[in-house]
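Enquirer: This one is data.cif, mmCIF, C-alpha atoms.
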data_entry
#
loop_
_atom_site.label_atom_id
_atom_site.label_comp_id
_atom_site.auth_asym_id
_atom_site.auth_seq_id
_atom_site.Cartn_x
_atom_site.Cartn_y
_atom_site.Cartn_z
CA MET A 1155 42.79 4.91 -1.43
CA LYS A 1156 41.27 8.37 -1.16
CA ASN A 1157 38.69 7.23 -3.70
CA PHE A 1158 37.72 4.36 -1.41
CA TYR A 1159 37.28 6.69 1.59
CA THR A 1160 35.18 9.09 -0.47
CA TRP A 1161 32.78 6.34 -1.60
CA ALA A 1162 32.76 4.83 1.91
CA SER A 1163 31.70 8.18 3.35
CA ILE A 1164 29.02 8.55 0.62
CA ALA A 1165 27.72 5.10 1.64
CA VAL A 1166 27.58 6.11 5.33
CA ILE A 1167 25.71 9.36 4.49
CA VAL A 1168 23.22 7.55 2.23
CA LEU A 1169 22.58 4.80 4.82
CA ALA A 1170 22.18 7.24 7.72
CA SER A 1171 19.92 9.70 5.90
CA THR A 1172 17.78 6.93 4.42
CA GLY A 1173 17.52 5.41 7.90
CA GLY A 1174 16.49 8.80 9.28
CA ASP A 1175 13.79 9.33 6.63
CA VAL A 1176 12.39 5.81 6.92
CA LEU A 1177 12.31 5.90 10.74
CA LEU A 1178 10.66 9.34 10.71
CA ALA A 1179 8.06 8.11 8.21
CA LYS A 1180 7.47 5.05 10.44
CA ALA A 1181 7.11 7.23 13.56
CA MET A 1182 4.72 9.70 11.94
CA SER A 1183 2.52 7.10 10.26
CA LYS A 1184 2.20 5.25 13.60
CA ILE A 1185 1.19 8.52 15.32
CA GLY A 1186 -1.37 9.28 12.60
CA ASP A 1187 -2.60 12.46 10.91
CA VAL A 1188 -1.28 15.17 13.27
CA GLY A 1189 -3.76 17.69 11.84
CA LEU A 1190 -6.66 15.59 13.10
CA ILE A 1191 -4.98 14.94 16.49
CA ARG A 1192 -4.44 18.70 16.90
CA GLN A 1193 -8.10 19.43 16.10
CA GLU A 1194 -9.33 16.84 18.61
CA HIS A 1195 -6.81 17.00 21.46
CA GLY A 1196 -4.78 20.21 20.93
CA ILE A 1197 -1.21 20.96 19.91
CA PHE A 1198 0.33 19.70 23.18
CA ALA A 1199 -1.08 16.23 22.54
CA VAL A 1200 0.73 16.24 19.18
CA VAL A 1201 4.02 17.35 20.75
CA ARG A 1202 3.70 14.77 23.53
CA ARG A 1203 2.96 11.91 21.13
CA VAL A 1204 5.83 12.85 18.78
CA LEU A 1205 8.41 13.31 21.55
CA SER A 1206 7.44 10.07 23.31
CA SER A 1207 7.86 8.01 20.11
CA GLY A 1208 10.94 5.74 20.15
CA TRP A 1209 11.00 5.63 16.34
CA PHE A 1210 11.15 9.44 16.29
CA ALA A 1211 14.15 9.47 18.68
CA LEU A 1212 15.94 6.88 16.51
CA ALA A 1213 15.17 8.95 13.39
CA ILE A 1214 16.74 12.05 14.98
CA CYS A 1215 19.87 10.03 15.88
CA CYS A 1216 20.21 8.76 12.29
CA MET A 1217 19.72 12.28 10.90
CA ALA A 1218 22.40 13.60 13.26
CA VAL A 1219 24.83 10.89 12.07
CA ALA A 1220 24.00 11.77 8.44
CA PHE A 1221 24.50 15.49 9.07
CA PHE A 1222 27.87 15.12 10.83
CA SER A 1223 29.21 12.54 8.38
CA LEU A 1224 28.29 14.89 5.51
CA LEU A 1225 30.02 17.76 7.31
CA PHE A 1226 33.05 15.56 7.99
CA SER A 1227 33.38 14.22 4.45
CA LEU A 1228 32.90 17.69 2.93
CA SER A 1229 35.88 18.89 4.95
CA TRP A 1230 38.30 16.56 3.12
CA GLY A 1231 36.35 14.91 0.31
CA ASP A 1232 35.57 16.06 -3.20
CA VAL A 1233 32.57 18.37 -2.66
CA SER A 1234 31.42 18.14 -6.29
CA LEU A 1235 31.21 14.35 -5.96
CA VAL A 1236 30.09 13.79 -2.35
CA ALA A 1237 27.12 16.20 -2.19
CA PRO A 1238 25.32 15.27 -5.45
CA ALA A 1239 26.14 11.54 -5.23
CA ALA A 1240 24.85 11.32 -1.65
CA ALA A 1241 21.70 13.37 -2.42
CA SER A 1242 20.72 11.43 -5.52
CA LEU A 1243 21.56 7.95 -4.18
CA THR A 1244 19.43 8.75 -1.11
CA PHE A 1245 16.34 9.15 -3.36
CA VAL A 1246 16.81 5.65 -4.80
CA ALA A 1247 17.72 4.11 -1.41
CA ASN A 1248 14.58 5.70 0.07
CA ALA A 1249 12.35 4.17 -2.61
CA LEU A 1250 13.91 0.72 -1.97
CA SER A 1251 13.64 0.90 1.82
CA ALA A 1252 10.13 2.40 1.74
CA LYS A 1253 9.12 -0.73 -0.19
CA TRP A 1254 11.00 -3.18 2.05
CA PHE A 1255 10.61 -1.68 5.53
CA LEU A 1256 7.46 0.47 5.34
CA GLY A 1257 5.50 -1.78 2.97
CA GLU A 1258 4.69 1.18 0.72
CA ASN A 1259 3.31 0.33 -2.69
CA VAL A 1260 6.14 1.69 -4.84
CA ASP A 1261 4.52 1.32 -8.26
CA ARG A 1262 6.12 2.02 -11.63
CA ARG A 1263 5.04 5.67 -11.49
CA ARG A 1264 6.92 6.21 -8.19
CA TRP A 1265 10.01 4.32 -9.39
CA ILE A 1266 10.22 6.50 -12.49
CA ALA A 1267 9.79 9.60 -10.30
CA ALA A 1268 12.59 8.49 -7.92
CA VAL A 1269 15.01 7.71 -10.78
CA PHE A 1270 14.25 10.94 -12.70
CA VAL A 1271 14.61 13.09 -9.56
CA ALA A 1272 17.85 11.29 -8.57
CA ALA A 1273 19.32 11.88 -12.05
CA GLY A 1274 18.13 15.48 -12.04
CA VAL A 1275 19.65 16.20 -8.62
CA ALA A 1276 22.96 14.64 -9.72
CA LEU A 1277 23.06 16.90 -12.80
CA LEU A 1278 21.91 20.01 -10.91
CA ALA A 1279 24.34 19.74 -8.01
CA HIS A 1280 27.37 18.88 -10.14
CA MET B 163 -5.57 15.88 -0.78
CA ASN B 164 -7.21 19.02 0.57
CA PHE B 165 -6.03 22.63 0.63
CA ARG B 166 -4.34 22.26 4.05
CA LYS B 167 -2.22 19.35 2.78
CA TYR B 168 -1.10 21.26 -0.32
CA LEU B 169 -0.14 24.10 2.03
CA VAL B 170 2.06 21.71 4.09
CA LEU B 171 3.83 20.48 0.90
CA LEU B 172 4.35 24.11 -0.17
CA ALA B 173 5.85 24.90 3.27
CA ILE B 174 8.32 21.99 2.87
CA ILE B 175 9.41 23.32 -0.54
CA VAL B 176 9.65 27.01 0.45
CA PHE B 177 11.18 26.73 3.95
CA GLY B 178 13.55 23.90 2.94
CA SER B 179 15.05 25.80 0.01
CA PHE B 180 15.13 29.21 1.73
CA GLY B 181 16.66 27.63 4.86
CA ASP B 182 19.50 26.15 2.81
CA VAL B 183 20.11 29.36 0.85
CA LEU B 184 20.09 31.50 4.05
CA LEU B 185 22.52 29.13 5.81
CA SER B 186 24.96 29.26 2.90
CA ARG B 187 24.61 33.06 2.74
CA GLY B 188 25.44 33.22 6.47
CA MET B 189 28.38 30.83 6.20
CA ARG B 190 29.84 33.13 3.54
CA ASP B 191 30.18 35.78 6.28
CA VAL B 192 31.63 33.31 8.78
CA GLY B 193 34.25 31.96 6.37
CA GLN B 194 35.87 28.55 6.10
CA ILE B 195 35.97 26.45 9.24
CA SER B 196 38.11 23.32 9.41
CA PHE B 197 37.18 20.24 11.38
CA LYS B 198 39.52 21.20 14.25
CA GLN B 199 37.83 24.59 14.68
CA ILE B 200 34.33 23.32 15.38
CA PRO B 201 33.95 25.54 18.51
CA HIS B 202 34.24 28.48 16.07
CA LEU B 203 30.75 27.54 14.85
CA ILE B 204 29.20 28.83 18.10
CA PRO B 205 29.69 32.56 17.30
CA ALA B 206 28.24 31.80 13.84
CA LEU B 207 24.90 31.36 15.61
CA ALA B 208 24.84 35.12 16.21
CA ASN B 209 24.77 35.75 12.45
CA PRO B 210 21.24 36.92 11.48
CA TRP B 211 21.25 34.97 8.17
CA ILE B 212 22.12 31.76 10.03
CA LEU B 213 19.50 32.41 12.73
CA ILE B 214 16.74 32.96 10.14
CA GLY B 215 18.05 29.94 8.18
CA ILE B 216 17.80 27.69 11.26
CA GLY B 217 14.28 29.05 11.93
CA CYS B 218 13.28 28.18 8.34
CA LEU B 219 14.75 24.68 8.66
CA LEU B 220 12.80 24.12 11.92
CA VAL B 221 9.56 25.04 10.10
CA PHE B 222 10.68 22.74 7.26
CA PHE B 223 11.24 19.81 9.64
CA THR B 224 7.85 20.31 11.33
CA SER B 225 6.03 20.42 7.97
CA TYR B 226 8.01 17.42 6.71
CA SER B 227 7.03 15.36 9.79
CA THR B 228 3.41 16.52 9.42
CA ALA B 229 3.33 15.43 5.76
CA LEU B 230 4.74 12.02 6.67
CA SER B 231 1.89 11.55 9.17
CA TRP B 232 -0.62 11.35 6.29
CA ALA B 233 1.41 10.60 3.14
CA ASP B 234 3.91 7.98 1.94
CA LEU B 235 7.65 8.69 2.03
CA THR B 236 7.84 7.82 -1.69
CA PHE B 237 5.22 10.52 -2.35
CA VAL B 238 6.59 13.31 -0.12
CA LEU B 239 10.25 13.07 -1.25
CA PRO B 240 9.75 13.38 -5.04
CA ALA B 241 6.80 15.79 -4.67
CA THR B 242 8.94 18.24 -2.70
CA ALA B 243 12.06 17.79 -4.88
CA ILE B 244 10.80 20.80 -6.87
CA GLY B 245 12.59 22.78 -4.12
CA TYR B 246 15.89 22.05 -5.91
CA VAL B 247 14.44 23.73 -9.01
CA VAL B 248 13.29 26.71 -6.90
CA ILE B 249 16.86 27.17 -5.57
CA ALA B 250 18.35 26.99 -9.09
CA LEU B 251 15.83 29.47 -10.51
CA LEU B 252 16.28 31.84 -7.51
CA SER B 253 20.03 31.81 -7.97
CA HIS B 254 19.60 32.51 -11.71
CA PHE B 255 17.06 35.33 -11.60
CA TRP B 256 17.93 36.89 -8.22
CA LEU B 257 21.66 36.25 -7.73
CA HIS B 258 22.32 36.26 -11.52
CA GLU B 259 24.25 32.99 -11.46
CA GLN B 260 24.75 31.28 -14.81
CA ILE B 261 22.91 27.98 -15.34
CA SER B 262 24.71 25.55 -17.66
CA ILE B 263 22.93 23.26 -20.16
CA GLN B 264 23.69 20.36 -17.81
CA ARG B 265 21.81 22.13 -15.00
CA TRP B 266 18.81 23.00 -17.21
CA LEU B 267 18.68 19.28 -18.10
CA GLY B 268 18.73 18.45 -14.36
CA ILE B 269 15.83 20.88 -13.77
CA LEU B 270 13.87 19.27 -16.62
CA LEU B 271 14.40 15.74 -15.22
CA ILE B 272 13.24 16.81 -11.71
CA VAL B 273 10.12 18.50 -13.12
CA ILE B 274 9.25 15.34 -15.11
CA GLY B 275 9.89 13.17 -12.01
CA VAL B 276 7.65 15.37 -9.84
CA GLY B 277 4.95 15.24 -12.53
CA PHE B 278 4.92 11.43 -12.26
CA VAL B 279 4.01 11.34 -8.53
CA ALA B 280 1.91 14.51 -8.44
CA GLY B 281 -0.98 12.82 -10.25
CA GLY B 282 -0.88 9.65 -8.14
CA PRO B 283 -2.29 8.78 -4.70
CA HIS B 284 -0.45 10.19 -1.66
CA ARG B 285 -1.12 7.14 0.53
CA SER B 286 -0.85 3.73 -1.10
CA ASP B 287 -2.02 1.43 1.70
CA GLN B 288 -5.11 3.41 2.71
CA THR B 289 -6.41 4.50 -0.68
CA VAL B 290 -9.63 2.48 -0.44
CA GLU B 291 -10.20 3.40 3.21
CA ALA B 292 -9.48 7.09 2.59
CA LYS B 293 -11.85 7.13 -0.38
CA GLY B 294 -14.53 5.63 1.85
CA VAL B 295 -14.02 8.34 4.48
CA GLU B 296 -14.13 11.04 1.81
CA THR B 297 -17.39 9.66 0.45
CA ILE B 298 -18.89 9.69 3.96
CA ALA B 299 -17.62 13.25 4.50
CA ASN B 300 -19.06 14.37 1.16
CA SER B 301 -22.41 12.79 1.86
CA SER B 302 -22.60 14.40 5.31
CA GLU B 303 -21.72 17.76 3.72
CA LEU B 304 -24.51 17.20 1.22
CA CYS B 305 -26.90 16.38 4.06
CA SER B 306 -25.99 19.50 6.03
CA GLY B 307 -26.20 21.54 2.81
CA ALA B 308 -29.68 20.16 2.20
CA ARG B 309 -30.68 20.97 5.79
CA GLU B 310 -29.41 24.53 5.43
CA GLY B 311 -31.24 24.81 2.11
CA ARG B 312 -34.48 23.76 3.78
CA SER B 313 -34.15 26.17 6.71
#
Have the structure of the file written as structure tokens, please.
Expert:
Amino acid sequence: MKNFYTWASIAVIVLASTGGDVLLAKAMSKIGDVGLIRQEHGIFAVVRRVLSSGWFALAICCMAVAFFSLLFSLSWGDVSLVAPAAASLTFVANALSAKWFLGENVDRRRWIAAVFVAAGVALLAH
Amino acid sequence: MNFRKYLVLLAIIVFGSFGDVLLSRGMRDVGQISFKQIPHLIPALANPWILIGIGCLLVFFTSYSTALSWADLTFVLPATAIGYVVIALLSHFWLHEQISIQRWLGILLIVIGVGFVAGGPHRSDQTVEAKGVETIANSSELCSGAREGRS
């Protein structure tokens, strides 16, 4: 049963942190190149646009859920399983959801990169 | 990709890995905290390692958001994964931690993975448009160069 809870918490962390990354990417790509906005309208325009974005607020909420669920599961779960499994599965989940929700062109090159990095992180963090 | 954009990616790698290392160094001073003792985390904020770590992570988050404003998520994530390698190498050469064969293999896989995206485009949907803008920018630079040459 403890095994089930561990994997359930890994699933929650992966879902929340993928959601956070995808929503942040959505918010920032809608806002546009912040370097150019800063050059044209100043740094306060950048801050105002970012803070008034609903996608950005949602991204922060998801990231907070991911952070606290990681903290929570580390307090009772198997650290050597939870941390690397969550980190490496997030890379693959990000590639999938970037393709589905952001319409990014995840070509073979990017798939290979995501899988290699995910495997590498799993080995490194173990 | 211009110099400023490479600088942003470098900031993600450096401040992300140093932020994590500084936080864990600080938490070593604070000691173990169970879930029921969460209020005990507040005095941990006075620890200088943790303060600098949080500062680094704020810079990391700003650079990460900046990168996502002009690059794809599937480019930024693998490209900055080299930070994991930086942490492992820092802990080996600076903190003299042993790195097992399994970890060296992990480092190798990450480096290969990063190599795959590093050569590709950073924005998939706007590649044609971006190339067009770059061509216009280059030609206007050429024009201004020619003007300066004449005067």
Enquirer: Skip stretch 251-264 of chain B itself and residues of its chain fewer than 6 positions away, then list as an mmCIF file with C-alpha atoms, keeping the file's coordinate frame all residues within 10 Å of it, counting only C-alpha atoms.
Expert:
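For reference, around09.cif as written:
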data_model
loop_
_atom_site.group_PDB
_atom_site.id
_atom_site.type_symbol
_atom_site.label_atom_id
_atom_site.label_comp_id
_atom_site.auth_asym_id
_atom_site.auth_seq_id
_atom_site.Cartn_x
_atom_site.Cartn_y
_atom_site.Cartn_z
ATOM 1 C CA GLY A 1274 18.130 15.480 -12.040
ATOM 2 C CA ALA A 1276 22.960 14.640 -9.720
ATOM 3 C CA LEU A 1277 23.060 16.900 -12.800
ATOM 4 C CA LEU A 1278 21.910 20.010 -10.910
ATOM 5 C CA ALA A 1279 24.340 19.740 -8.010
ATOM 6 C CA HIS A 1280 27.370 18.880 -10.140
ATOM 7 C CA SER B 179 15.050 25.800 0.010
ATOM 8 C CA PHE B 180 15.130 29.210 1.730
ATOM 9 C CA VAL B 183 20.110 29.360 0.850
ATOM 10 C CA GLY B 245 12.590 22.780 -4.120
ATOM 11 C CA LEU B 270 13.870 19.270 -16.620
#
Enquirer: For the PyMOL selection byres ((chain B) within 10 of (chain A)), applied here, can you spell out every residue it catches as a VMD selection string?
Expert: chain B and resid 166 to 167 194 to 197 226 to 241 243 to 244 246 to 247 250 261 to 282 285 to 287
Enquirer: What is the atom CA of B:Ser225 to atom CA of A:Leu1169 distance in Å?
Expert: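 Computing it gives 23.0 Å between the two atoms.
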Enquirer: If you count all atoms listed in the file, which residues fall within 8 Å of A:Thr1244, apart from same-chain ones fewer than 2 positions away, as a PyMOL selection string?
Expert: chain A and resi 1168-1169+1171-1172+1240-1242+1246-1248
Enquirer: Hey, can you check how far atom CA of B:Cys218 sits from atom CA of B:Gly178?
Expert: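 That distance, rounded to one decimal, is 6.9 Å.
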Enquirer: Could you please determine the separation between atom CA of B:Leu203 and atom CA of A:Leu1177 in Å, to one decimal place?
Expert: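 According to the coordinates, atom CA of B:Leu203 and atom CA of A:Leu1177 are separated by 28.7 Å.
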Enquirer: For each of A:Phe1222, A:Trp1209, A:Trp1254, A:Tyr1159, take the minimum atom-to-atom distance to A:Gly1174, counting all atoms listed in the file, then give the residue where this is smallest.
Expert: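 Under the stated criterion, the closest residue is A:Trp1209.
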Enquirer: Evaluate the PyMOL selection byres ((chain A and resi 1220) around 6) here and jot the selected residues down as a PyMOL selection string.
Expert: chain A and resi 1167+1170-1171+1217-1219+1221-1223
Enquirer: Write the selection just made, keeping C-alpha atoms, as a PDB file, keeping the file's coordinate frame?
Expert:
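To be explicit, this is the file written out as result_39.pdb:
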ATOM      1  CA  ILE A1167      25.710   9.360   4.490  1.00  0.00           C
ATOM      2  CA  ALA A1170      22.180   7.240   7.720  1.00  0.00           C
ATOM      3  CA  SER A1171      19.920   9.700   5.900  1.00  0.00           C
ATOM      4  CA  MET A1217      19.720  12.280  10.900  1.00  0.00           C
ATOM      5  CA  ALA A1218      22.400  13.600  13.260  1.00  0.00           C
ATOM      6  CA  VAL A1219      24.830  10.890  12.070  1.00  0.00           C
ATOM      7  CA  PHE A1221      24.500  15.490   9.070  1.00  0.00           C
ATOM      8  CA  PHE A1222      27.870  15.120  10.830  1.00  0.00           C
ATOM      9  CA  SER A1223      29.210  12.540   8.380  1.00  0.00           C
TER      10      SER A1223
END
Enquirer: Counting only C-alpha atoms, which residue out of B:Ile216, B:Ala206, B:Val176, B:Ile249 sits closest to B:Gly193?
Expert: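 Among the listed residues, the smallest separation from B:Gly193 belongs to B:Ala206.
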Enquirer: Counting all atoms listed in the file, which residue out of A:Glu1194, A:Lys1156, A:Gly1173, A:Ala1165 sits closest to A:Ile1214?
Expert: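 Residue with the minimum atom-to-atom distance to A:Ile1214: A:Gly1173.
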Enquirer: For stretch 1206-1230 of chain A in the structure I just supplied, write out N, CA and C atoms - as a JSON list (two decimals), in the first residue's frame.
Expert:
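What ended up in decode_2.json:
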[["chain", "number", "residue", "atom", "x", "y", "z"],
["A", 1206, "SER", "N", 0.01, 40.68, -14.70],
["A", 1206, "SER", "CA", -1.42, 40.75, -15.02],
["A", 1206, "SER", "C", -1.86, 39.56, -15.88],
["A", 1207, "SER", "N", -0.93, 38.63, -16.16],
["A", 1207, "SER", "CA", -1.29, 37.47, -16.98],
["A", 1207, "SER", "C", -1.95, 36.39, -16.12],
["A", 1208, "GLY", "N", -3.14, 35.95, -16.52],
["A", 1208, "GLY", "CA", -3.84, 34.89, -15.80],
["A", 1208, "GLY", "C", -3.11, 33.56, -15.88],
["A", 1209, "TRP", "N", -2.52, 33.28, -17.07],
["A", 1209, "TRP", "CA", -1.75, 32.04, -17.24],
["A", 1209, "TRP", "C", -0.58, 31.99, -16.27],
["A", 1210, "PHE", "N", 0.06, 33.17, -16.06],
["A", 1210, "PHE", "CA", 1.21, 33.23, -15.16],
["A", 1210, "PHE", "C", 0.78, 32.90, -13.73],
["A", 1211, "ALA", "N", -0.39, 33.47, -13.31],
["A", 1211, "ALA", "CA", -0.89, 33.20, -11.95],
["A", 1211, "ALA", "C", -1.19, 31.71, -11.77],
["A", 1212, "LEU", "N", -1.81, 31.10, -12.80],
["A", 1212, "LEU", "CA", -2.11, 29.66, -12.75],
["A", 1212, "LEU", "C", -0.81, 28.84, -12.65],
["A", 1213, "ALA", "N", 0.21, 29.27, -13.43],
["A", 1213, "ALA", "CA", 1.50, 28.57, -13.43],
["A", 1213, "ALA", "C", 2.10, 28.58, -12.03],
["A", 1214, "ILE", "N", 2.05, 29.75, -11.36],
["A", 1214, "ILE", "CA", 2.61, 29.87, -10.01],
["A", 1214, "ILE", "C", 1.86, 28.93, -9.05],
["A", 1215, "CYS", "N", 0.52, 28.85, -9.20],
["A", 1215, "CYS", "CA", -0.27, 27.96, -8.33],
["A", 1215, "CYS", "C", 0.17, 26.51, -8.53],
["A", 1216, "CYS", "N", 0.31, 26.09, -9.80],
["A", 1216, "CYS", "CA", 0.72, 24.71, -10.09],
["A", 1216, "CYS", "C", 2.10, 24.43, -9.50],
["A", 1217, "MET", "N", 3.03, 25.41, -9.66],
["A", 1217, "MET", "CA", 4.39, 25.22, -9.15],
["A", 1217, "MET", "C", 4.39, 25.10, -7.62],
["A", 1218, "ALA", "N", 3.49, 25.87, -6.98],
["A", 1218, "ALA", "CA", 3.39, 25.79, -5.51],
["A", 1218, "ALA", "C", 2.89, 24.41, -5.10],
["A", 1219, "VAL", "N", 1.87, 23.89, -5.81],
["A", 1219, "VAL", "CA", 1.36, 22.55, -5.53],
["A", 1219, "VAL", "C", 2.48, 21.52, -5.71],
["A", 1220, "ALA", "N", 3.25, 21.65, -6.80],
["A", 1220, "ALA", "CA", 4.34, 20.71, -7.07],
["A", 1220, "ALA", "C", 5.38, 20.75, -5.96],
["A", 1221, "PHE", "N", 5.72, 21.99, -5.53],
["A", 1221, "PHE", "CA", 6.75, 22.15, -4.50],
["A", 1221, "PHE", "C", 6.31, 21.52, -3.18],
["A", 1222, "PHE", "N", 5.06, 21.82, -2.76],
["A", 1222, "PHE", "CA", 4.62, 21.31, -1.46],
["A", 1222, "PHE", "C", 4.34, 19.81, -1.51],
["A", 1223, "SER", "N", 3.90, 19.28, -2.66],
["A", 1223, "SER", "CA", 3.68, 17.84, -2.71],
["A", 1223, "SER", "C", 5.02, 17.10, -2.71],
["A", 1224, "LEU", "N", 6.06, 17.73, -3.32],
["A", 1224, "LEU", "CA", 7.40, 17.12, -3.26],
["A", 1224, "LEU", "C", 7.90, 17.10, -1.82],
["A", 1225, "LEU", "N", 7.73, 18.26, -1.15],
["A", 1225, "LEU", "CA", 8.16, 18.39, 0.25],
["A", 1225, "LEU", "C", 7.45, 17.35, 1.12],
["A", 1226, "PHE", "N", 6.13, 17.23, 0.89],
["A", 1226, "PHE", "CA", 5.30, 16.32, 1.66],
["A", 1226, "PHE", "C", 5.72, 14.87, 1.44],
["A", 1227, "SER", "N", 5.90, 14.49, 0.16],
["A", 1227, "SER", "CA", 6.22, 13.09, -0.12],
["A", 1227, "SER", "C", 7.65, 12.75, 0.31],
["A", 1228, "LEU", "N", 8.55, 13.75, 0.31],
["A", 1228, "LEU", "CA", 9.91, 13.47, 0.76],
["A", 1228, "LEU", "C", 9.94, 13.21, 2.26],
["A", 1229, "SER", "N", 8.92, 13.74, 2.97],
["A", 1229, "SER", "CA", 8.94, 13.58, 4.43],
["A", 1229, "SER", "C", 8.58, 12.16, 4.86],
["A", 1230, "TRP", "N", 7.87, 11.40, 4.00],
["A", 1230, "TRP", "CA", 7.57, 10.01, 4.37],
["A", 1230, "TRP", "C", 7.95, 9.01, 3.28]]
